[in-house]
Each structure stands twice: as structure tokens, then as C-alpha cells.
Amino acid sequence: MRPENASAFSAGYLYFRFIPRRLYGKISYYSPGGGLFLNVAIMGYGTVGSGVAELLAKHHEHIVKKSTQSELELKYILDIRDFDGLPGNAVFIKDFDIILNDPAVQIVVETMGGLHPAYEYVLACLKAGKSVVTSNKELVAEKGYELLTAAEEMNVNFLFEASVGGGIPIIRPISQCLAANEIVEIAGILNGTTNFILTRMIHDSMSFEAALKIAQDNGYAEKDPTADIEGHDACRKICILASLCFGKHVYPKSVYTEGITKITLDDVECAHAWGGVIKLIGRAKKLPDGRISAMVSPSLIHSSSQLASVDDVFNAILVRGDATGDVVFYGRGAGKMPTASAVVADVIDCAKHHERKKLFGWADSDDSYVVDRLDTVTSLYVRCALKSPDALARADAAFGEIVRIPYFDPEGSIAAFTTAAATERELFAALDSLDCIEPLSVIRVTDY
Ligand code: HSE
């Protein structure tokens with residue numbers, strides 16, 4: 001970290017002026033450059049937290065300029081683990097109350113992950129008048145409304161650019177650059193780990209397990225990869241995006257979520273023969289009655305889709321605005337430095353908006369806000385074992401129409417097809433009614 005840190009701090013004190021706060025009676029300190037002198041604390045020194053400390057040190061001068069000359073000093077790092085070596089002048093602590101009770105800490109970075117104790121710590125910080133920046137999608141997806149409300153009440157900021165899409169700017173573009181639009185739909189590849197796994201399966205015929213291991217070794221996966229492979233991570237991200245786009249909190253429990261654990265190399269081959277690829281897609285759409293439909297599931301997408309060529313750990317998010325049409329945001333959706341970049345950008349924004357709440361948030365919602373997934377319209381890809389010679393003719397009649405996908409099976413006992421579009425209620429009822437086929441894989445087909 002900068003050797004001149006200590007002197008900048010002392011010089012800051014030479015320049016400090018006490019500013020009587022009208023609202024909360026806080027004291028502000030001014031830096032030599034005329035900006036504020038702000039202390040930052042990081043809670044959680046894992047992959048992202050250590051990246052944040054590194055970026056704050058590496059780009060210090062640049063960050064000061066971007067923060068309207070505010071000096072940002074990393075004062076504490078909270079972690080239950082022991083680490084060798086201190087980043088700059090920061091002090092490692094294990095007691096959260098030190099951060100909470102230090103009025104000189106104005107910006108807190110939460111990179112602990114998980115809901116508890118992150119939620120309790122973040123709420124306490126906001127209530128103590130500190131702005132909070134987080135990369136924790138579980139926290140925002142579950143408690144976003146409550147935390148944004150607490151921030152509003154205390155005239156501080158709660159920012160979470162890093163919670164969706166890693167290093168891809170998406171929260172700020174939706175809330176600012178696309179503000180003139182009515183956003184009607186949002187969909188994307190929101191999880192780097194599963195996209196990495198699917199890419200290895202598609203391009204290298206690699207097994208699911210081998211690809212997951214590489215993703216974990218590279219630090220893309222969550223501590224418990226179940227959250228990635230079962231779709232919960234993508235679900236949290238589509239909840240955050242949908243809340244922001246449509247103005248009401250979308251809770252993860254109301255979003256039907258399916259992961260990629262049942263996808264086989266046979267399905268990957270069938271998707272190729274059909275003319276596309278399988279991707280894990282999170283999507284949300286505003287319906288004419290004001291409610292929304294939202295879902296996370298593996299999806300067959302055509303190779304002409306903008307999302308089809310998004311490979312490896314990359315994410316892409318398609319935002320459909322009434323004025324802009326489709327806008328796609330693409331970049332590294334996971335990893336230490338891309339995510340840290342988004343966190344530090346929020347820290348800079350907090351410094352620029354110190355003691356000023358950014359107009360940013362959403363309302364609460366009730367259980368009826370997200371429609372039952374059975375009422376959503378889709379078409380299905382089905383790979384199945386045929387149990388009678390007339391099985392496909394009966395499937396054709398049950399689904400209205402099916403389109404066969406060329407599938408190499410020497411014994412001719414397995415087939416793959418897509419159905420016409422209908423509600424999920426109708427499609428799954430038709431599937432249940434067909435005792436002449438045994439489904440091996442059922443995947444939704446989307447047209448993004
Ligand atoms: N595990 C997440 C992913 C990390 O793979 O996308 C970024 O949120």
C-alpha cells in the first residue's frame with residue numbers, strides 16, 4: 001500500500017474542519033485535496049474482499065480523483081481467520097463492534113457472503129449511518145427491500161453492483177442509463193460456474209464433475225457449489241435484476257429454479273443437432289396485468305441468439321426496453337478482480353454521494369406478484385425412451401405438434417423432439433398422459 005498513507009492521514013487532520021451536521025450530528029473530515037477523508041472497512045477477506053483491498057491500494061490516486069478528491073483509507077478488515085501481512089495501514093480485526101462503534105468508518109464493504117451474519121452486520125451498519133457496499137447476492141435477493149429502506153431512512157447508500165454479473169456494469173446501467181425505458185423483459189446467463197461447465201461439456205465433451213473441479217480451482221464457484229449447479233445463485237441474481245427493472249421486490253422463494261445437474265452429453269448433442277446450445281438462463285418478464293413471470297432453468301437457445309456464443313465464465317444479460325429494444329451486457333461474471341472492480345466502483349459512488357442518498361430502490365411485494373410457473377408459456381425439448389411403435393404419433397397428437405430432432409440411436413428406442421408452445425400446465429399434463437414414452441430429459445426452449 002502507499003507509503004505516504006500515514007502522512008496523508010496526518011495532513012488530513014491538519015486540514016480538517018468540523019462541520020456541524022444538521023441531520024445526524026456527524027463530523028466530517030476534509031482531505032488535503034479538498035475532498036472528504038473517508039474510512040473504509042472490509043468485512044470478509046476472501047476472494048473478493050482481498051481483491052477490493054488490492055484495488056484500493058493499487059489504484060489509490062485514480063480512486064481519489066474519481067471520488068471527487070475524497071481520500072479513501074482502508075482502516076479495518078474483519079475476518080475470523082488469521083492472515084499473514086497487513087494490506088497497508090489496515091488492521092485485521094475479529095470483532096464486528098469495532099467497525100460498528102467507530103464513527104470514523106463511513107463506508108463498509110461486505111464481502112463475507114451468505115445471509116448470516118452478513119444481514120445483521122449490514123443492517124446494523126446502515127442504522128449506524130454508514131453506507132454499505134456488497135457483492136452478496138443472497139443478501140440483496142432476500143433482504144434488498146429492507147436494507148434499501150434502512151439506507152433511505154438514514155440518508156446513506158446501500159449499493160450492490162457486484163452482486164450481479166461480477167465485473168459487468170448492470171445495476172447502474174439499468175437504474176440510470178436505461179431509466180427512460182419501460183423494461184419489459186430481462187434474461188441472461190448469470191452464473192459463471194455453470195456456464196463454464198456447460199461450455200466444457202459442449203466444446204470438449206468433458207464430464208460435468210471434471211469441469212466443476214476446474215471452476216472451483218479457479219475460484220468461480222460458490223463455497224458450496226450446490227448454489228451454482230442447482231441454479232440458486234442465478235435465481236438470486238434474476239431476483240435482484242427483476243426487482244430493479246420492475247420496481248417491486250422479487251423473492252427467491254417465488255421463482256421456479258432448476259439447475260444443470262441433469263444435463264447429459266446426449267442432451268448437448270441433441271441441442272447441437274437442433275441448431276443450438278443448452279445454457280442456464282435466468283429470465284423475468286413483465287405481464288400486462290403488472291405481475292411478472294420469472295424462472296431459472298436450463299434452456300435450449302438457437303445458435304443465432306446473442307446468448308448462444310457466451311462461453312466459459314462469461315455472463316451476458318439481455319435487457320429489453322420499450323425504447324432501446326434489446327441491449328446486451330457481456331463480460332466476466334465471476335472471479336476476484338472483476339468482482340472487486342464493481343465493489344470499488346460502488347465505494348467511489350458512496351464517496352461521491354456521501355451524506356446524500358442516491359435515488360435507488362424498489363417497493364415490497366406480496367406472494368401474488370410472481371405468477372405460477374405453470375401459467376407461463378414455453379415449448380419443450382423432450383428426449384425419451386419409446387415404449388410402443390406408435391409412441392411418436394401419440395406424442396404428436398398430445399402436444400398438438402412435435403418436431404423430431406435427428407438423434408443417433410442404433411436400436412431406435414430413443415427419440416428427441418420439441419413441442420409446440422403452450423402453457424407449462426398443458427405441456428406437463430400432456431407429458432404425464434403419455435404412457436408410451438419415458439422422458440429422459442425435459443428442457444425448456446427459449447427464443448432470446
Ligand atoms: N459463483 C458465482 C458464479 C460467482 O459462478 O457466477 C459470481 O457470482
# chains A, B, ... in the order shown; residues from 1 in each chain; ligands from 1

call {"tool": "closest_atom_pairs", "arguments": {"of": "range 105-194 of chain A", "to": "range 287-306 of chain A", "cutoff": "12 Å", "atoms": "only C-alpha atoms", "output": "CSV"}}
result
residue,atom,partner,partner_atom,distance
A:Ile183,CA,A:Leu287,CA,11.2
A:Val184,CA,A:Leu287,CA,8.1
A:Glu185,CA,A:Leu287,CA,9.3
A:Ile186,CA,A:Ala294,CA,9.4
A:Ala187,CA,A:Ala294,CA,9.4
A:Gly188,CA,A:Val296,CA,9.6
A:Ile189,CA,A:Val296,CA,9.8
A:Leu190,CA,A:Val296,CA,9.7
A:Asn191,CA,A:Val296,CA,10.8
A:Thr194,CA,A:Pro298,CA,10.0

call {"tool": "write_last_selection", "arguments": {"atoms": "C-alpha atoms", "output": "JSON list (two decimals), in the first residue's frame"}}
result
[["chain", "number", "residue", "atom", "x", "y", "z"],
["A", 183, "ILE", "CA", -38.14, -2.54, -19.26],
["A", 184, "VAL", "CA", -40.38, -5.36, -20.37],
["A", 185, "GLU", "CA", -38.08, -8.33, -20.08],
["A", 186, "ILE", "CA", -34.64, -9.30, -18.80],
["A", 187, "ALA", "CA", -32.81, -12.57, -19.34],
["A", 188, "GLY", "CA", -29.30, -13.82, -19.14],
["A", 189, "ILE", "CA", -26.52, -16.20, -18.40],
["A", 190, "LEU", "CA", -25.98, -15.19, -14.82],
["A", 191, "ASN", "CA", -23.74, -17.86, -13.37],
["A", 194, "THR", "CA", -22.43, -23.37, -14.72]]

call {"tool": "residues_near_ligand", "arguments": {"ligand": "ligand 1", "cutoff": "9 Å", "atoms": "only C-alpha atoms and all ligand atoms", "output": "ChimeraX atom specification"}}
result
/A:135-137,162-166,189-196,215-216,219-223,225,227-229,233-234,237,313-315,332-335,339

call {"tool": "select_by_dssp", "arguments": {"residues": "range 95-328 of chain A", "states": "alpha helix (DSSP H)", "output": "PyMOL selection string"}}
result
chain A and resi 96-100+118-127+137-154+171-172+192-204+208-217+226-229+232-246+265-274

call {"tool": "residues_around", "arguments": {"residues": "Asn39 in chain A", "least_positions_apart": "3", "cutoff": "9 Å", "atoms": "only C-alpha atoms", "output": "JSON, numbers by chain"}}
result
{"A": [71, 72, 73, 74, 75, 76, 104, 105, 106, 107, 108]}

call {"tool": "closest_residue", "arguments": {"among": "A:Ala323, A:Lys285, A:Glu269, A:Phe208", "to": "Pro406 in chain A", "atoms": "only C-alpha atoms"}}
result
A:Glu269

call {"tool": "residues_around", "arguments": {"residues": "range 346-353 of chain A", "least_positions_apart": "6", "cutoff": "8 Å", "atoms": "only C-alpha atoms", "output": "list in words"}}
result
Leu36, Leu38, Ile63, Lys66, Ser67, Thr68, Ser70, Ile107, Val109, Ser131, Val133, Asn157, Leu159, Phe160 and Glu161 of chain A

call {"tool": "residues_around", "arguments": {"residues": "range 398-403 of chain A", "least_positions_apart": "4", "cutoff": "10 Å", "atoms": "only C-alpha atoms", "output": "PyMOL selection string"}}
result
chain A and resi 274+379-382+392-394+416-422+426-431+433-434

call {"tool": "closest_residue", "arguments": {"among": "A:Ala316, A:Pro252, A:Cys125, A:Gly88", "to": "Leu55 in chain A", "atoms": "only C-alpha atoms"}}
result
A:Gly88

call {"tool": "select_by_dssp", "arguments": {"residues": "range 102-323 of chain A", "states": "strand (DSSP E)", "output": "PyMOL selection string"}}
result
chain A and resi 105-110+131-134+158-159+183-189+256-257+276-286+292-302+314-321

call {"tool": "write_last_selection", "arguments": {"atoms": "N, CA and C atoms", "output": "compact mmCIF listing (two decimals), in the first residue's frame"}}
result
# COMPACT_ATOMS: atom_id res chain seq x y z
N VAL A 105 -15.53 5.35 10.53
CA VAL A 105 -15.77 4.45 9.39
C VAL A 105 -17.10 4.84 8.75
N GLN A 106 -17.01 5.36 7.54
CA GLN A 106 -18.25 5.82 6.88
C GLN A 106 -18.73 4.87 5.78
N ILE A 107 -17.81 4.03 5.26
CA ILE A 107 -18.19 3.12 4.18
C ILE A 107 -17.76 1.70 4.56
N VAL A 108 -18.70 0.78 4.54
CA VAL A 108 -18.40 -0.61 4.90
C VAL A 108 -18.63 -1.49 3.67
N VAL A 109 -17.64 -2.32 3.37
CA VAL A 109 -17.73 -3.27 2.26
C VAL A 109 -18.04 -4.64 2.85
N GLU A 110 -19.13 -5.23 2.40
CA GLU A 110 -19.48 -6.58 2.89
C GLU A 110 -19.19 -7.59 1.79
N SER A 131 -22.64 3.99 5.00
CA SER A 131 -23.03 3.43 3.71
C SER A 131 -22.43 2.03 3.58
N VAL A 132 -23.14 1.16 2.89
CA VAL A 132 -22.65 -0.22 2.73
C VAL A 132 -22.62 -0.59 1.25
N VAL A 133 -21.54 -1.27 0.87
CA VAL A 133 -21.39 -1.81 -0.48
C VAL A 133 -21.25 -3.32 -0.33
N THR A 134 -21.98 -4.07 -1.13
CA THR A 134 -21.89 -5.53 -1.00
C THR A 134 -21.81 -6.21 -2.35
N PHE A 158 -26.85 2.07 0.03
CA PHE A 158 -26.66 0.62 0.04
C PHE A 158 -26.53 0.22 -1.42
N LEU A 159 -25.31 -0.11 -1.85
CA LEU A 159 -25.05 -0.35 -3.27
C LEU A 159 -24.53 -1.77 -3.50
N ILE A 183 -38.77 -1.25 -18.97
CA ILE A 183 -38.14 -2.54 -19.26
C ILE A 183 -39.21 -3.61 -19.21
N VAL A 184 -39.31 -4.38 -20.29
CA VAL A 184 -40.38 -5.36 -20.37
C VAL A 184 -39.89 -6.78 -20.08
N GLU A 185 -38.60 -6.98 -20.26
CA GLU A 185 -38.08 -8.33 -20.08
C GLU A 185 -36.58 -8.26 -19.82
N ILE A 186 -36.09 -9.21 -19.02
CA ILE A 186 -34.64 -9.30 -18.80
C ILE A 186 -34.29 -10.78 -18.70
N ALA A 187 -33.19 -11.15 -19.35
CA ALA A 187 -32.81 -12.57 -19.34
C ALA A 187 -31.31 -12.66 -19.49
N GLY A 188 -30.73 -13.72 -18.94
CA GLY A 188 -29.30 -13.82 -19.14
C GLY A 188 -28.66 -15.06 -18.60
N ILE A 189 -27.40 -15.17 -18.96
CA ILE A 189 -26.52 -16.20 -18.40
C ILE A 189 -25.88 -15.53 -17.20
N TYR A 256 -39.36 -20.21 -9.72
CA TYR A 256 -39.07 -21.61 -10.01
C TYR A 256 -37.63 -21.73 -10.51
N THR A 257 -36.87 -22.66 -9.91
CA THR A 257 -35.45 -22.75 -10.20
C THR A 257 -35.01 -24.19 -10.43
N GLY A 276 -28.63 -25.47 -31.85
CA GLY A 276 -28.38 -24.53 -30.75
C GLY A 276 -27.53 -25.11 -29.65
N VAL A 277 -27.64 -24.53 -28.48
CA VAL A 277 -26.87 -24.97 -27.30
C VAL A 277 -27.78 -24.93 -26.07
N ILE A 278 -27.31 -25.60 -25.02
CA ILE A 278 -28.03 -25.53 -23.74
C ILE A 278 -27.30 -24.55 -22.83
N LYS A 279 -28.04 -23.59 -22.30
CA LYS A 279 -27.47 -22.62 -21.36
C LYS A 279 -28.39 -22.53 -20.15
N LEU A 280 -27.81 -22.17 -19.00
CA LEU A 280 -28.66 -21.92 -17.83
C LEU A 280 -29.13 -20.47 -17.92
N ILE A 281 -30.42 -20.27 -18.11
CA ILE A 281 -30.95 -18.92 -18.35
C ILE A 281 -31.84 -18.49 -17.18
N GLY A 282 -31.56 -17.31 -16.64
CA GLY A 282 -32.45 -16.67 -15.67
C GLY A 282 -33.25 -15.64 -16.44
N ARG A 283 -34.56 -15.61 -16.22
CA ARG A 283 -35.36 -14.66 -17.01
C ARG A 283 -36.54 -14.14 -16.20
N ALA A 284 -36.95 -12.91 -16.52
CA ALA A 284 -38.11 -12.32 -15.86
C ALA A 284 -38.78 -11.39 -16.86
N LYS A 285 -40.12 -11.39 -16.80
CA LYS A 285 -40.88 -10.64 -17.81
C LYS A 285 -42.06 -9.95 -17.13
N LYS A 286 -42.33 -8.74 -17.56
CA LYS A 286 -43.49 -8.02 -17.01
C LYS A 286 -44.73 -8.41 -17.81
N ILE A 292 -45.36 -10.37 -12.68
CA ILE A 292 -44.23 -10.81 -13.52
C ILE A 292 -44.14 -12.34 -13.54
N SER A 293 -43.53 -12.84 -14.59
CA SER A 293 -43.16 -14.26 -14.60
C SER A 293 -41.64 -14.29 -14.50
N ALA A 294 -41.14 -15.25 -13.76
CA ALA A 294 -39.68 -15.35 -13.58
C ALA A 294 -39.31 -16.81 -13.38
N MET A 295 -38.15 -17.18 -13.89
CA MET A 295 -37.73 -18.57 -13.81
C MET A 295 -36.22 -18.70 -14.06
N VAL A 296 -35.62 -19.73 -13.48
CA VAL A 296 -34.25 -20.10 -13.84
C VAL A 296 -34.30 -21.55 -14.26
N SER A 297 -33.80 -21.84 -15.46
CA SER A 297 -33.77 -23.23 -15.90
C SER A 297 -32.78 -23.40 -17.04
N PRO A 298 -32.30 -24.63 -17.25
CA PRO A 298 -31.53 -24.86 -18.47
C PRO A 298 -32.46 -24.62 -19.65
N SER A 299 -31.92 -24.06 -20.73
CA SER A 299 -32.76 -23.74 -21.88
C SER A 299 -32.03 -24.04 -23.16
N LEU A 300 -32.77 -24.52 -24.14
CA LEU A 300 -32.23 -24.64 -25.48
C LEU A 300 -32.35 -23.27 -26.12
N ILE A 301 -31.24 -22.72 -26.56
CA ILE A 301 -31.32 -21.45 -27.29
C ILE A 301 -30.67 -21.65 -28.66
N HIS A 302 -31.24 -21.00 -29.64
CA HIS A 302 -30.77 -21.17 -31.00
C HIS A 302 -29.38 -20.56 -31.15
N PHE A 314 -17.89 -16.35 -18.74
CA PHE A 314 -18.54 -15.10 -19.13
C PHE A 314 -20.04 -15.15 -18.86
N ASN A 315 -20.58 -13.99 -18.53
CA ASN A 315 -22.02 -13.80 -18.35
C ASN A 315 -22.50 -12.84 -19.43
N ALA A 316 -23.78 -12.90 -19.73
CA ALA A 316 -24.38 -11.89 -20.62
C ALA A 316 -25.80 -11.66 -20.15
N ILE A 317 -26.20 -10.40 -20.15
CA ILE A 317 -27.53 -10.06 -19.67
C ILE A 317 -28.22 -9.22 -20.74
N LEU A 318 -29.38 -9.71 -21.16
CA LEU A 318 -30.13 -9.03 -22.22
C LEU A 318 -31.28 -8.26 -21.56
N VAL A 319 -31.32 -6.96 -21.80
CA VAL A 319 -32.37 -6.12 -21.24
C VAL A 319 -33.22 -5.61 -22.40
N ARG A 320 -34.51 -5.88 -22.34
CA ARG A 320 -35.41 -5.48 -23.43
C ARG A 320 -36.19 -4.24 -22.97
N GLY A 321 -35.85 -3.09 -23.55
CA GLY A 321 -36.53 -1.85 -23.19
C GLY A 321 -37.49 -1.43 -24.28

call {"tool": "residues_around", "arguments": {"residues": "Val91 in chain A", "least_positions_apart": "4", "cutoff": "12 Å", "atoms": "only C-alpha atoms", "output": "list in words"}}
result
Val40, Ala41, Ile42, Met43, Tyr45, Ala53, Glu73, Leu74, Lys75, Tyr76, Ile77, Leu78, Asp79, Asp82, Phe83, Asp84, Gly85, Leu86, Pro87, Asp95, Ile98 and Ile99 of chain A

call {"tool": "write_last_selection", "arguments": {"atoms": "N, CA and C atoms", "output": "PDB file, in the first residue's frame"}}
result
ATOM      1  N   VAL A  40     -12.749   3.298   5.261  1.00  0.00           N
ATOM      2  CA  VAL A  40     -13.462   2.139   4.726  1.00  0.00           C
ATOM      3  C   VAL A  40     -13.124   0.923   5.587  1.00  0.00           C
ATOM      4  N   ALA A  41     -14.109   0.063   5.784  1.00  0.00           N
ATOM      5  CA  ALA A  41     -13.852  -1.234   6.433  1.00  0.00           C
ATOM      6  C   ALA A  41     -14.327  -2.326   5.498  1.00  0.00           C
ATOM      7  N   ILE A  42     -13.582  -3.415   5.460  1.00  0.00           N
ATOM      8  CA  ILE A  42     -13.994  -4.574   4.651  1.00  0.00           C
ATOM      9  C   ILE A  42     -14.379  -5.699   5.611  1.00  0.00           C
ATOM     10  N   MET A  43     -15.549  -6.260   5.409  1.00  0.00           N
ATOM     11  CA  MET A  43     -15.961  -7.414   6.223  1.00  0.00           C
ATOM     12  C   MET A  43     -15.895  -8.652   5.328  1.00  0.00           C
ATOM     13  N   TYR A  45     -12.450 -11.263   4.174  1.00  0.00           N
ATOM     14  CA  TYR A  45     -11.218 -11.141   3.389  1.00  0.00           C
ATOM     15  C   TYR A  45     -11.000 -12.400   2.553  1.00  0.00           C
ATOM     16  N   ALA A  53      -9.263  -4.896  -1.350  1.00  0.00           N
ATOM     17  CA  ALA A  53      -8.120  -4.273  -0.658  1.00  0.00           C
ATOM     18  C   ALA A  53      -6.999  -4.001  -1.666  1.00  0.00           C
ATOM     19  N   GLU A  73      -9.398   5.680   2.960  1.00  0.00           N
ATOM     20  CA  GLU A  73      -8.405   4.948   3.744  1.00  0.00           C
ATOM     21  C   GLU A  73      -9.012   3.649   4.244  1.00  0.00           C
ATOM     22  N   LEU A  74      -8.360   2.530   3.902  1.00  0.00           N
ATOM     23  CA  LEU A  74      -8.834   1.235   4.402  1.00  0.00           C
ATOM     24  C   LEU A  74      -8.374   1.092   5.852  1.00  0.00           C
ATOM     25  N   LYS A  75      -9.351   1.114   6.767  1.00  0.00           N
ATOM     26  CA  LYS A  75      -8.991   1.136   8.185  1.00  0.00           C
ATOM     27  C   LYS A  75      -9.045  -0.247   8.834  1.00  0.00           C
ATOM     28  N   TYR A  76     -10.085  -1.001   8.558  1.00  0.00           N
ATOM     29  CA  TYR A  76     -10.221  -2.319   9.197  1.00  0.00           C
ATOM     30  C   TYR A  76     -10.547  -3.390   8.160  1.00  0.00           C
ATOM     31  N   ILE A  77     -10.094  -4.601   8.470  1.00  0.00           N
ATOM     32  CA  ILE A  77     -10.550  -5.786   7.727  1.00  0.00           C
ATOM     33  C   ILE A  77     -11.040  -6.786   8.760  1.00  0.00           C
ATOM     34  N   LEU A  78     -12.312  -7.122   8.657  1.00  0.00           N
ATOM     35  CA  LEU A  78     -12.908  -8.055   9.618  1.00  0.00           C
ATOM     36  C   LEU A  78     -12.908  -9.456   9.021  1.00  0.00           C
ATOM     37  N   ASP A  79     -12.332 -10.396   9.742  1.00  0.00           N
ATOM     38  CA  ASP A  79     -12.379 -11.797   9.288  1.00  0.00           C
ATOM     39  C   ASP A  79     -12.075 -12.682  10.488  1.00  0.00           C
ATOM     40  N   ASP A  82      -6.996 -15.967  10.506  1.00  0.00           N
ATOM     41  CA  ASP A  82      -5.751 -15.215  10.677  1.00  0.00           C
ATOM     42  C   ASP A  82      -5.038 -15.125   9.332  1.00  0.00           C
ATOM     43  N   PHE A  83      -4.453 -13.963   9.071  1.00  0.00           N
ATOM     44  CA  PHE A  83      -3.710 -13.777   7.818  1.00  0.00           C
ATOM     45  C   PHE A  83      -2.327 -13.229   8.116  1.00  0.00           C
ATOM     46  N   ASP A  84      -1.378 -13.598   7.256  1.00  0.00           N
ATOM     47  CA  ASP A  84      -0.028 -13.043   7.382  1.00  0.00           C
ATOM     48  C   ASP A  84       0.020 -11.741   6.604  1.00  0.00           C
ATOM     49  N   GLY A  85       0.641 -10.739   7.182  1.00  0.00           N
ATOM     50  CA  GLY A  85       0.872  -9.496   6.433  1.00  0.00           C
ATOM     51  C   GLY A  85      -0.365  -8.632   6.365  1.00  0.00           C
ATOM     52  N   LEU A  86      -0.160  -7.349   6.576  1.00  0.00           N
ATOM     53  CA  LEU A  86      -1.284  -6.415   6.560  1.00  0.00           C
ATOM     54  C   LEU A  86      -1.318  -5.666   5.248  1.00  0.00           C
ATOM     55  N   PRO A  87      -2.482  -5.487   4.632  1.00  0.00           N
ATOM     56  CA  PRO A  87      -2.546  -4.636   3.446  1.00  0.00           C
ATOM     57  C   PRO A  87      -2.492  -3.167   3.877  1.00  0.00           C
ATOM     58  N   ASP A  95     -13.665  -8.566  15.719  1.00  0.00           N
ATOM     59  CA  ASP A  95     -14.843  -8.111  16.457  1.00  0.00           C
ATOM     60  C   ASP A  95     -15.599  -7.063  15.621  1.00  0.00           C
ATOM     61  N   ILE A  98     -16.139  -3.240  16.624  1.00  0.00           N
ATOM     62  CA  ILE A  98     -15.107  -2.193  16.431  1.00  0.00           C
ATOM     63  C   ILE A  98     -15.497  -1.327  15.224  1.00  0.00           C
ATOM     64  N   ILE A  99     -15.967  -1.963  14.168  1.00  0.00           N
ATOM     65  CA  ILE A  99     -16.405  -1.214  12.971  1.00  0.00           C
ATOM     66  C   ILE A  99     -17.671  -0.426  13.298  1.00  0.00           C
TER      67      ILE A  99
END

call {"tool": "closest_residue", "arguments": {"among": "A:Gly129, A:Gly144, A:Pro117, A:Gly46", "to": "Arg236 in chain A", "atoms": "only C-alpha atoms"}}
result
A:Gly144
